[in-house]
Amino acid sequence: MEISSKYSPQDTEGKWYQHWLDKNYFHSTPDEREPYTIVIPPPNVTGVLHMGHMLNNTIQDVLVRRARMQGKNACWVPGTDHASIATEAKVVNRLAQQGIKKTDIGRDEFLKHAWDWTHEHGGIILKQLRRLGASCDWERTSFTMDETRSKSVIRVFCDLYNKGLIYRGVRMVNWDPAALTALSDEEVIYKEEHSKLFYLRYKVEGEDTYAIVATTRPETIMGDTAMCINPNDPKNEHLKGKKVIVPLVGRAIPVIEDEYVDIEFGTGCLKVTPAHDVNDYMLGEKYNLQSINIFNDDATISEAAGMYVGMDRDAVRKQIVKDLDAAGLLEKVEDYNNKVGYSERTHVAIEPKLSMQWFLKMEHLAEIALKPVLEGDIQFYPSKYVNLYRHWLENIKDWCISRQLWWGHQIPAYYLPEGGYVVAETAEEALKLAIEKTGKELTMADLQQESDCLDTWFSSWLWPLSLFDGILNPDNEEFKYYYPTNDLITGPDIIFFWVARMIMAGEEYQKEVPFKKVYFTGIVRDKLGRKMSKSLGNSPDPIELIDKYGADGVRVGMMLTAPAGNDLPFDEALCEQGRNFCNKMWNALRLVKGWNVDENIAQPETAKMAVKWFEERFQQVLQETNDNLDKYRLSDALMGIYKLVWDDFCSWYLEMVKAPMGQPLDTVTYNATVTFFENLMKILHPFMPFITEDIWHLLKDRNDGDDLIIAQQPAQKVVDNDILNQFLFTQDVINNIRKIRAEKNISMKESIELIVVDKDGSVNKEFDAVIMKLCNVSSVNYVTETPQDAFGFLVKATEYFIPVTDNIDTEAEIKKLEEELAYAQGFLKSVEAKLSNEKFVNGAPAAVVDKERKKKSDAEAKIKVIEQQLATLKK
RNA sequence: GGGAGCUUAGCUCAGUUGGUUUAGAGCACCUGCCUUACAAGCAGGGGGUCACUAGUUCGAAUCUAGUAGUUCCCACCA
């Protein structure tokens, strides 16, 4: 068979993915096996794959594939999220391009456009995941707005309302002037800004003096309804009981006193704008102040302001500063750093706004969600996030769940003609309730459904429950089988948005955790440490990367340096390393496939020892790998396998068993090699599914259905450490010979002799054949006296020599030995220092002391040998 | 302003309850090789006062305190 010297991912990846689909390997149905379930963190339905998804989904696929190969019934449920704000914004934009405003066409018509958009752009991301090799159960693909999920959301809303956990009220909320909706606290991102602190002159009524107020937002003076000072502030004593005149506006406002005001800040005078600042709002409530809303919903100035009407807030700030200055009412301007809240989605500055919203009480939910994490029923990897989680839950505020949007789950509250409302899952039930409540003969037309829809996270938080229909139909077989799920893989940035709330929902509705372990990935950053983002343009296109390096190559690149919770500075070189690794294995396959096997020849000694050793070495790494994977140390696990394949299998094992050029290989060795190769492919498959499946099939002819993806992981056995240690010793010998060859310019083609000083016959000779083969050694001679005219080296306390015909550079040899001696003596000294310390000998555990004694005797033996050699050379 | 984490080789990181040589890996780097599986490769090599300071201990990269730098989270100082 002709195999190209370069592995070509394009030729294999699509083929095997289709094969797996055809065989329905990804699909899961409940059976007697232990389930292993992961629900995907649903990406935005109209989103495209970015590097964060790549990392996240590679990890999930590794875990799912491994579980499948451990005999578990693996089920990875994919799906998408309707992403209320983001999607609605996109649809609004598209309509705007056609000159259409959403209010002109109405809710139903708008939703048609939104669904069109969803169908046009939706699901691309799921298609992209197939390129990555994601083994999702596609038959289970769900959407947060599909029928089951929508009904679940509405059921939960009604249930929480009936439990008294949902209420409606006027509160100061975070208003997004671009999306024209309220946001939850979690959706606001605070950024430090270099801004200005403006000192404004408020004339004291009836006097010719001024009170100076420092503010970062001069444009809000039209909404001022009081000035506040600290009653204990001596420098503003004279203002008590007075009124001051709002500059430009001319309105007289009272001076109130409250200890909330920081005496040290600015002048100690605070302008109070109850409609536009959370703290001012609280003051307004406390002192019964008037509240003037000077902004429209889009943050332009409203009629109520009386000035600058219709202008944008930013423009007004610039203008009003000029006007204040012109009127002599601007005392001074200082540079100032403050924090401004921005909308997570639209990136515009948030405006605190008083409005009627729906809220979910969090006290009870926080309590039930805290317990399983603190008690260890749910484990976080890394565990440092437990603190963060606890802190958030212990300081939680009620969740604003209503959004002034149409794309989402419409709140099932129905307003009655005479005021008040009822909450019900359907309009029919609402009508029934309404009639009961009012005692009047109402019709459907009398009811007006709440126009707000719910926060997207109000559907995501049910995801592990609703995917298996556990809200509507909690007794169903699938739900009982798959819930709770096993692992959740997500970013720490949505620990509050999503993780905590899923735990709340799971505990509230199932009295059980939604997942047992949470693996928090790092944030993918560029080489400069910046978060990858569309706006910075520093994120590579994952599909282009896959085209360039192959899915396996990219997966390796993602996994190699992604310990849980650490940021991942992404570098394409990592994918290149992955691609090179593919090629390495590919060429190992070429070698094995190129062998001629002769069943009549006996197994050579070298091959016999190689097989004996590799069996143990494989077992050793298998144990380490399993251990690492159980602890979610995926990069360590992969690196272990990487070295096992590259170094142990390719560089050592294959070189040992290789038949001389043109000669055939024996059957025993060949079969062992194929089995080893298969086992390597098994443990590597979760990380690199495509090339391993391909090699699996190229290694030998297989029956239909004998596919690697469903093969079982190799069994663990007890490791024979003696063989491993002997081989380590042998490797040391070989490396030393190679080093001498390199140093002395002895070509590999030139065979050499090896002399071993073995005074008492204790040197192990089992691997001599290996040494001879790998170092082109013609003979290994055992002697009892240190020879002369030879390059020597030491392994532990055993002396080895390579005799030379040329004159030996005695000076160089002496120098080398003296360096070795100095090191050994230094080492011995440190060991002796320990051992001569009575406190150490008495205080340290016996095993530790024994180890030190062994070190001492080894070092002494070595020193003795070196000294003898030096003596010989110096003769 | 409060809290948490981090600081080990040029880069990214391991280092499990303090004690398997005087600290490891991958990549990068340097030297020599197109050796008949692989130059996307082979063989060899160099490189670190474990941020700093003080302490605990027979013994500290590891524990404690402080200092510096850095990252993140939370918070109503205009």
# chains A, B, ... in the order shown; residues from 1 in each chain; ligands from 1
>>> select_by_dssp(residues="segment 564-685 of chain A", states="strand (DSSP E)", output="list of chain:residue names")
A:Leu568, A:Pro569, A:Val597, A:Asp598, A:Leu665, A:Asp666
>>> interface_residues(of="chain B", to="chain A", cutoff="12 Å", atoms="only C-alpha atoms (C1' of nucleotides)", output="PyMOL selection string")
chain B and resi 2-6+11-14+16+18-22+25-28+31-33+35-45+57-59+71-78
>>> residues_around(residues="segment 45-53 of chain A", least_positions_apart="4", cutoff="10 Å", atoms="only C-alpha atoms (C1' of nucleotides)", output="PDB file with N, CA and C atoms, in the first residue's frame")
ATOM      1  N   PRO A  41     -23.165  24.059  26.962  1.00  0.00           N
ATOM      2  CA  PRO A  41     -23.570  25.442  27.237  1.00  0.00           C
ATOM      3  C   PRO A  41     -24.081  26.019  25.915  1.00  0.00           C
ATOM      4  N   ASN A  57     -15.685  23.133  23.768  1.00  0.00           N
ATOM      5  CA  ASN A  57     -16.280  21.939  23.164  1.00  0.00           C
ATOM      6  C   ASN A  57     -15.268  20.826  22.954  1.00  0.00           C
ATOM      7  N   THR A  58     -14.005  21.194  22.788  1.00  0.00           N
ATOM      8  CA  THR A  58     -12.981  20.146  22.723  1.00  0.00           C
ATOM      9  C   THR A  58     -12.943  19.398  24.055  1.00  0.00           C
ATOM     10  N   ILE A  59     -12.969  20.150  25.139  1.00  0.00           N
ATOM     11  CA  ILE A  59     -12.941  19.509  26.461  1.00  0.00           C
ATOM     12  C   ILE A  59     -14.149  18.584  26.629  1.00  0.00           C
ATOM     13  N   GLY A  79     -27.425  22.175  21.656  1.00  0.00           N
ATOM     14  CA  GLY A  79     -28.554  23.071  21.504  1.00  0.00           C
ATOM     15  C   GLY A  79     -28.085  24.503  21.413  1.00  0.00           C
ATOM     16  N   THR A  80     -29.034  25.378  21.218  1.00  0.00           N
ATOM     17  CA  THR A  80     -28.696  26.791  21.091  1.00  0.00           C
ATOM     18  C   THR A  80     -29.628  27.633  21.950  1.00  0.00           C
ATOM     19  N   ASP A  81     -29.203  28.842  22.135  1.00  0.00           N
ATOM     20  CA  ASP A  81     -29.856  29.783  23.016  1.00  0.00           C
ATOM     21  C   ASP A  81     -30.426  30.910  22.152  1.00  0.00           C
ATOM     22  N   HIS A  82     -31.611  31.405  22.500  1.00  0.00           N
ATOM     23  CA  HIS A  82     -32.219  32.413  21.616  1.00  0.00           C
ATOM     24  C   HIS A  82     -31.593  33.793  21.764  1.00  0.00           C
ATOM     25  N   ALA A  83     -30.826  34.009  22.836  1.00  0.00           N
ATOM     26  CA  ALA A  83     -30.062  35.258  23.003  1.00  0.00           C
ATOM     27  C   ALA A  83     -30.898  36.493  22.725  1.00  0.00           C
ATOM     28  N   ALA A  86     -29.254  40.127  21.906  1.00  0.00           N
ATOM     29  CA  ALA A  86     -28.367  40.122  20.747  1.00  0.00           C
ATOM     30  C   ALA A  86     -29.142  39.864  19.461  1.00  0.00           C
ATOM     31  N   THR A  87     -30.032  38.876  19.504  1.00  0.00           N
ATOM     32  CA  THR A  87     -30.767  38.536  18.295  1.00  0.00           C
ATOM     33  C   THR A  87     -31.756  39.644  17.936  1.00  0.00           C
ATOM     34  N   LYS A  90     -30.059  42.420  16.216  1.00  0.00           N
ATOM     35  CA  LYS A  90     -29.711  42.146  14.821  1.00  0.00           C
ATOM     36  C   LYS A  90     -30.923  42.296  13.916  1.00  0.00           C
ATOM     37  N   TRP A 117     -34.938  35.209  10.681  1.00  0.00           N
ATOM     38  CA  TRP A 117     -33.509  35.441  10.934  1.00  0.00           C
ATOM     39  C   TRP A 117     -32.884  34.212  11.600  1.00  0.00           C
ATOM     40  N   THR A 118     -33.605  33.688  12.571  1.00  0.00           N
ATOM     41  CA  THR A 118     -33.110  32.510  13.285  1.00  0.00           C
ATOM     42  C   THR A 118     -32.910  31.332  12.339  1.00  0.00           C
ATOM     43  N   HIS A 119     -33.877  31.143  11.468  1.00  0.00           N
ATOM     44  CA  HIS A 119     -33.757  30.011  10.545  1.00  0.00           C
ATOM     45  C   HIS A 119     -32.662  30.239   9.508  1.00  0.00           C
ATOM     46  N   GLU A 120     -32.491  31.490   9.107  1.00  0.00           N
ATOM     47  CA  GLU A 120     -31.445  31.806   8.123  1.00  0.00           C
ATOM     48  C   GLU A 120     -30.053  31.630   8.717  1.00  0.00           C
ATOM     49  N   HIS A 121     -29.855  32.220   9.913  1.00  0.00           N
ATOM     50  CA  HIS A 121     -28.505  32.271  10.480  1.00  0.00           C
ATOM     51  C   HIS A 121     -28.285  31.247  11.582  1.00  0.00           C
ATOM     52  N   GLY A 122     -29.361  30.634  11.998  1.00  0.00           N
ATOM     53  CA  GLY A 122     -29.262  29.750  13.154  1.00  0.00           C
ATOM     54  C   GLY A 122     -28.580  28.437  12.830  1.00  0.00           C
ATOM     55  N   GLY A 123     -27.976  27.868  13.810  1.00  0.00           N
ATOM     56  CA  GLY A 123     -27.452  26.517  13.668  1.00  0.00           C
ATOM     57  C   GLY A 123     -26.143  26.406  12.931  1.00  0.00           C
ATOM     58  N   ILE A 124     -25.627  27.536  12.416  1.00  0.00           N
ATOM     59  CA  ILE A 124     -24.319  27.481  11.749  1.00  0.00           C
ATOM     60  C   ILE A 124     -23.290  26.952  12.734  1.00  0.00           C
ATOM     61  N   ILE A 125     -23.408  27.435  13.944  1.00  0.00           N
ATOM     62  CA  ILE A 125     -22.419  27.085  14.960  1.00  0.00           C
ATOM     63  C   ILE A 125     -22.429  25.574  15.245  1.00  0.00           C
ATOM     64  N   LEU A 126     -23.600  24.968  15.169  1.00  0.00           N
ATOM     65  CA  LEU A 126     -23.669  23.522  15.412  1.00  0.00           C
ATOM     66  C   LEU A 126     -23.028  22.749  14.256  1.00  0.00           C
ATOM     67  N   LYS A 127     -23.194  23.280  13.060  1.00  0.00           N
ATOM     68  CA  LYS A 127     -22.531  22.658  11.898  1.00  0.00           C
ATOM     69  C   LYS A 127     -21.016  22.747  12.061  1.00  0.00           C
ATOM     70  N   GLN A 128     -20.566  23.903  12.572  1.00  0.00           N
ATOM     71  CA  GLN A 128     -19.125  24.094  12.749  1.00  0.00           C
ATOM     72  C   GLN A 128     -18.563  23.133  13.782  1.00  0.00           C
ATOM     73  N   LEU A 129     -19.386  22.823  14.775  1.00  0.00           N
ATOM     74  CA  LEU A 129     -18.917  21.902  15.817  1.00  0.00           C
ATOM     75  C   LEU A 129     -18.627  20.521  15.242  1.00  0.00           C
ATOM     76  N   PHE A 143     -33.492  23.953  21.479  1.00  0.00           N
ATOM     77  CA  PHE A 143     -33.406  25.399  21.352  1.00  0.00           C
ATOM     78  C   PHE A 143     -34.183  25.975  22.531  1.00  0.00           C
ATOM     79  N   THR A 144     -33.665  27.026  23.124  1.00  0.00           N
ATOM     80  CA  THR A 144     -34.330  27.552  24.320  1.00  0.00           C
ATOM     81  C   THR A 144     -35.731  28.080  24.027  1.00  0.00           C
ATOM     82  N   THR A 490     -17.736  24.999  31.392  1.00  0.00           N
ATOM     83  CA  THR A 490     -18.111  26.363  31.031  1.00  0.00           C
ATOM     84  C   THR A 490     -17.060  27.348  31.524  1.00  0.00           C
ATOM     85  N   GLY A 491     -17.244  28.599  31.127  1.00  0.00           N
ATOM     86  CA  GLY A 491     -16.290  29.633  31.514  1.00  0.00           C
ATOM     87  C   GLY A 491     -16.677  30.256  32.841  1.00  0.00           C
ATOM     88  N   THR A 521     -13.273  26.486  32.381  1.00  0.00           N
ATOM     89  CA  THR A 521     -12.177  26.659  31.430  1.00  0.00           C
ATOM     90  C   THR A 521     -11.541  28.019  31.659  1.00  0.00           C
ATOM     91  N   GLY A 522     -10.388  28.219  31.055  1.00  0.00           N
ATOM     92  CA  GLY A 522      -9.796  29.542  31.073  1.00  0.00           C
ATOM     93  C   GLY A 522     -10.405  30.390  29.976  1.00  0.00           C
ATOM     94  N   ILE A 523     -10.015  31.636  29.971  1.00  0.00           N
ATOM     95  CA  ILE A 523     -10.434  32.534  28.901  1.00  0.00           C
ATOM     96  C   ILE A 523      -9.351  32.495  27.835  1.00  0.00           C
ATOM     97  N   VAL A 524      -9.770  32.334  26.585  1.00  0.00           N
ATOM     98  CA  VAL A 524      -8.788  32.284  25.513  1.00  0.00           C
ATOM     99  C   VAL A 524      -8.316  33.704  25.205  1.00  0.00           C
ATOM    100  N   ARG A 525      -7.022  33.889  25.276  1.00  0.00           N
ATOM    101  CA  ARG A 525      -6.454  35.215  25.014  1.00  0.00           C
ATOM    102  C   ARG A 525      -5.475  35.139  23.856  1.00  0.00           C
ATOM    103  N   LYS A 531      -8.095  39.538  25.760  1.00  0.00           N
ATOM    104  CA  LYS A 531      -9.229  38.653  25.527  1.00  0.00           C
ATOM    105  C   LYS A 531      -9.533  38.683  24.030  1.00  0.00           C
ATOM    106  N   MET A 532      -9.811  37.516  23.473  1.00  0.00           N
ATOM    107  CA  MET A 532     -10.124  37.511  22.041  1.00  0.00           C
ATOM    108  C   MET A 532     -11.514  38.070  21.816  1.00  0.00           C
ATOM    109  N   SER A 533     -11.614  38.976  20.879  1.00  0.00           N
ATOM    110  CA  SER A 533     -12.932  39.547  20.636  1.00  0.00           C
ATOM    111  C   SER A 533     -13.054  39.968  19.188  1.00  0.00           C
ATOM    112  N   LYS A 534     -14.284  40.027  18.767  1.00  0.00           N
ATOM    113  CA  LYS A 534     -14.552  40.416  17.393  1.00  0.00           C
ATOM    114  C   LYS A 534     -14.062  41.836  17.135  1.00  0.00           C
ATOM    115  N   SER A 539      -9.042  37.387  17.015  1.00  0.00           N
ATOM    116  CA  SER A 539      -9.433  35.992  17.141  1.00  0.00           C
ATOM    117  C   SER A 539      -9.325  35.294  15.791  1.00  0.00           C
ATOM    118  N   PRO A 540      -8.528  34.230  15.721  1.00  0.00           N
ATOM    119  CA  PRO A 540      -8.465  33.507  14.451  1.00  0.00           C
ATOM    120  C   PRO A 540      -9.790  32.806  14.173  1.00  0.00           C
ATOM    121  N   ASP A 541     -10.060  32.576  12.920  1.00  0.00           N
ATOM    122  CA  ASP A 541     -11.283  31.851  12.555  1.00  0.00           C
ATOM    123  C   ASP A 541     -11.026  30.359  12.766  1.00  0.00           C
ATOM    124  N   PRO A 542     -11.775  29.750  13.684  1.00  0.00           N
ATOM    125  CA  PRO A 542     -11.525  28.337  14.016  1.00  0.00           C
ATOM    126  C   PRO A 542     -11.585  27.421  12.797  1.00  0.00           C
ATOM    127  N   ILE A 543     -12.478  27.727  11.886  1.00  0.00           N
ATOM    128  CA  ILE A 543     -12.616  26.843  10.723  1.00  0.00           C
ATOM    129  C   ILE A 543     -11.381  26.937   9.829  1.00  0.00           C
ATOM    130  N   MET A 558      -5.363  23.240  21.444  1.00  0.00           N
ATOM    131  CA  MET A 558      -6.218  23.785  22.500  1.00  0.00           C
ATOM    132  C   MET A 558      -5.936  23.094  23.839  1.00  0.00           C
ATOM    133  N   LEU A 568      -5.761  30.941  28.711  1.00  0.00           N
ATOM    134  CA  LEU A 568      -5.068  30.217  27.655  1.00  0.00           C
ATOM    135  C   LEU A 568      -4.564  31.217  26.632  1.00  0.00           C
ATOM    136  N   PHE A 570      -3.465  31.907  23.465  1.00  0.00           N
ATOM    137  CA  PHE A 570      -3.501  31.081  22.261  1.00  0.00           C
ATOM    138  C   PHE A 570      -2.400  31.454  21.287  1.00  0.00           C
TER     139      PHE A 570
END
>>> atom_distance(atom1="atom CA of Leu354 of chain A", atom2="atom CA of Met227 of chain A")
20.0 Å
>>> residues_around(residues="C52 of chain B", least_positions_apart="2", cutoff="12 Å", atoms="only C-alpha atoms (C1' of nucleotides)", output="count of residues only")
7
>>> select_by_dssp(residues="segment 476-614 of chain A", states="alpha helix (DSSP H)", output="PyMOL selection string")
chain A and resi 477-482+501-510+542-560+572-593+605-614
>>> atom_distance(atom1="atom CA of Pro714 of chain A", atom2="atom CA of Pro604 of chain A")
26.7 Å
>>> residues_around(residues="Asp176 of chain A", least_positions_apart="4", cutoff="10 Å", atoms="only C-alpha atoms (C1' of nucleotides)", output="PyMOL selection string")
chain A and resi 180-183+187-188+297-299+342-353
